[in-house]
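Asker: Provided herewith is a single structure, encoded as structure tokens, for subsequent inquiry.
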Amino acid sequence: MPALPAPGYPDDVRARLETDAKAIVARYPGSRSALLPLLHLVQAEEGHVTRTGMQFCADVLGLTTAEVTAVATFYTMYRRKPSGDYQVGVCTNTLCAVMGGDAIFETLQEHLGVANNGTTDDGKITLEHIECNAACDFAPVVMVNWEFFDNQTPDSAKQLVDDLRAGAQVSPTRGAPLCTFKETARILAGFPDEREGAVEASGSAGPASLIGLRLAKGETPPARVVHPRGEARDTQPPHDPSPGEHLSSHDAPQDTSASDPDHPAGPTAEEGE
């Protein structure tokens, strides 16, 4: 059966949202470009993107609800069902997973009693795994409403969610002070964060992330010799390598199954032998 038309916002809510929507649309030369921040705006109103919110966006921009729905369902930052005041995202991409992200995620699922994208009964926490938080040099990383909590462990992550549920003040490792998901959504819609000190708060990538930038700007790191595997490490400080020294262990000759009959894999046979 076709879905019934989405109910509208109450008149006072719609009037307030229309004022904000006009400010958002005015930023763009084409009104359709305002769809992403408008979706954040309606998410700030209800905590997730409802059919009413999508209908509002369609009305403001002169789009069909199908066009708005296609965008709202594509981006994972838009929630399609009620969620918690704090979105706790655990990075389970390669580096964070290896460094302990998988263990953190499994621990939090058991500790909170929810599955991926599940929300606790008190409505405080929604837990999700995230593919990448773009902070590999601080792995494993947890994000709460898109603020960084770096170098986490299963125990520290449990303490973090317990503090959030208890209403204790929680400070991100770097970046702006933590706020609720609805407040975060309004900031993402492009409205200023008026909390004292929020704009001045900042964070940056770590040394491992910035080394490429430093090299691009012309900085020259000190030369360093990496000895082939199996050789004793030199206790001398780094020095400029001589022509006979290998700059990388990967450049050293290696015994392989193709060149070493005694290799466990055996010599490489010709095709058909």
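To be explicit about the labels: the chains of the structure tokens are called A, B, and onward in the order shown, and within each one the residues are counted from 1, while ligands get numbers from 1 in the order they are shown.
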Neighbouring residues of segment 114-123 of chain A were defined as those with any atom within 8 Å, considering only C-alpha atoms; residues of the same chain fewer than 6 positions away were excluded. Please report them as a ChimeraX atom specification.

Answerer: /A:83-85,129

Asker: Excluding segment 30-45 of chain A and residues on its chain fewer than 2 positions from it, collect all residues at most 8 Å away from it, counting only C-alpha atoms, and give them as a count of residues only.

Answerer: 29

Asker: Going by DSSP on the backbone, which bits of segment 15-128 of chain A are helix (DSSP H, G or I)? Write them as a VMD selection string, please.

Answerer: chain A and resid 15 to 25 31 to 46 51 to 61 65 to 72 94 to 112

Asker: Please provide as a ChimeraX atom specification all residues within 9 Å of segment 10-15 of chain A, with the sequence filter that same-chain residues fewer than 3 positions apart are discarded (counting only C-alpha atoms).

Answerer: /A:18-20,45,56

Asker: Write the residues you've just listed into a file as a PDB file, in the first residue's frame, and include N, CA, C and O atoms for each of them.

Answerer:
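Written file, selection.pdb:
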```pdb
ATOM      1  N   GLU A  18      11.425  27.458   8.562  1.00  0.00           N
ATOM      2  CA  GLU A  18      11.446  28.188   7.285  1.00  0.00           C
ATOM      3  C   GLU A  18      12.388  29.383   7.351  1.00  0.00           C
ATOM      4  O   GLU A  18      13.086  29.698   6.378  1.00  0.00           O
ATOM      5  N   THR A  19      12.435  30.042   8.504  1.00  0.00           N
ATOM      6  CA  THR A  19      13.374  31.158   8.664  1.00  0.00           C
ATOM      7  C   THR A  19      14.813  30.678   8.535  1.00  0.00           C
ATOM      8  O   THR A  19      15.638  31.277   7.833  1.00  0.00           O
ATOM      9  N   ASP A  20      15.120  29.573   9.206  1.00  0.00           N
ATOM     10  CA  ASP A  20      16.470  29.009   9.112  1.00  0.00           C
ATOM     11  C   ASP A  20      16.755  28.505   7.699  1.00  0.00           C
ATOM     12  O   ASP A  20      17.869  28.663   7.177  1.00  0.00           O
ATOM     13  N   GLU A  45      16.142  19.128  14.531  1.00  0.00           N
ATOM     14  CA  GLU A  45      14.828  19.336  15.123  1.00  0.00           C
ATOM     15  C   GLU A  45      14.317  18.085  15.832  1.00  0.00           C
ATOM     16  O   GLU A  45      13.772  18.153  16.938  1.00  0.00           O
ATOM     17  N   PHE A  56       9.502  18.519   4.193  1.00  0.00           N
ATOM     18  CA  PHE A  56       9.816  19.943   4.377  1.00  0.00           C
ATOM     19  C   PHE A  56      10.940  20.356   3.433  1.00  0.00           C
ATOM     20  O   PHE A  56      10.851  21.397   2.760  1.00  0.00           O
TER      21      PHE A  56
END
```

Asker: Rounded to one decimal, what separation in Å do you get between atom CA of Lys124 of chain A and atom CA of Asp155 of chain A?

Answerer: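 So the answer is 19.0 Å.
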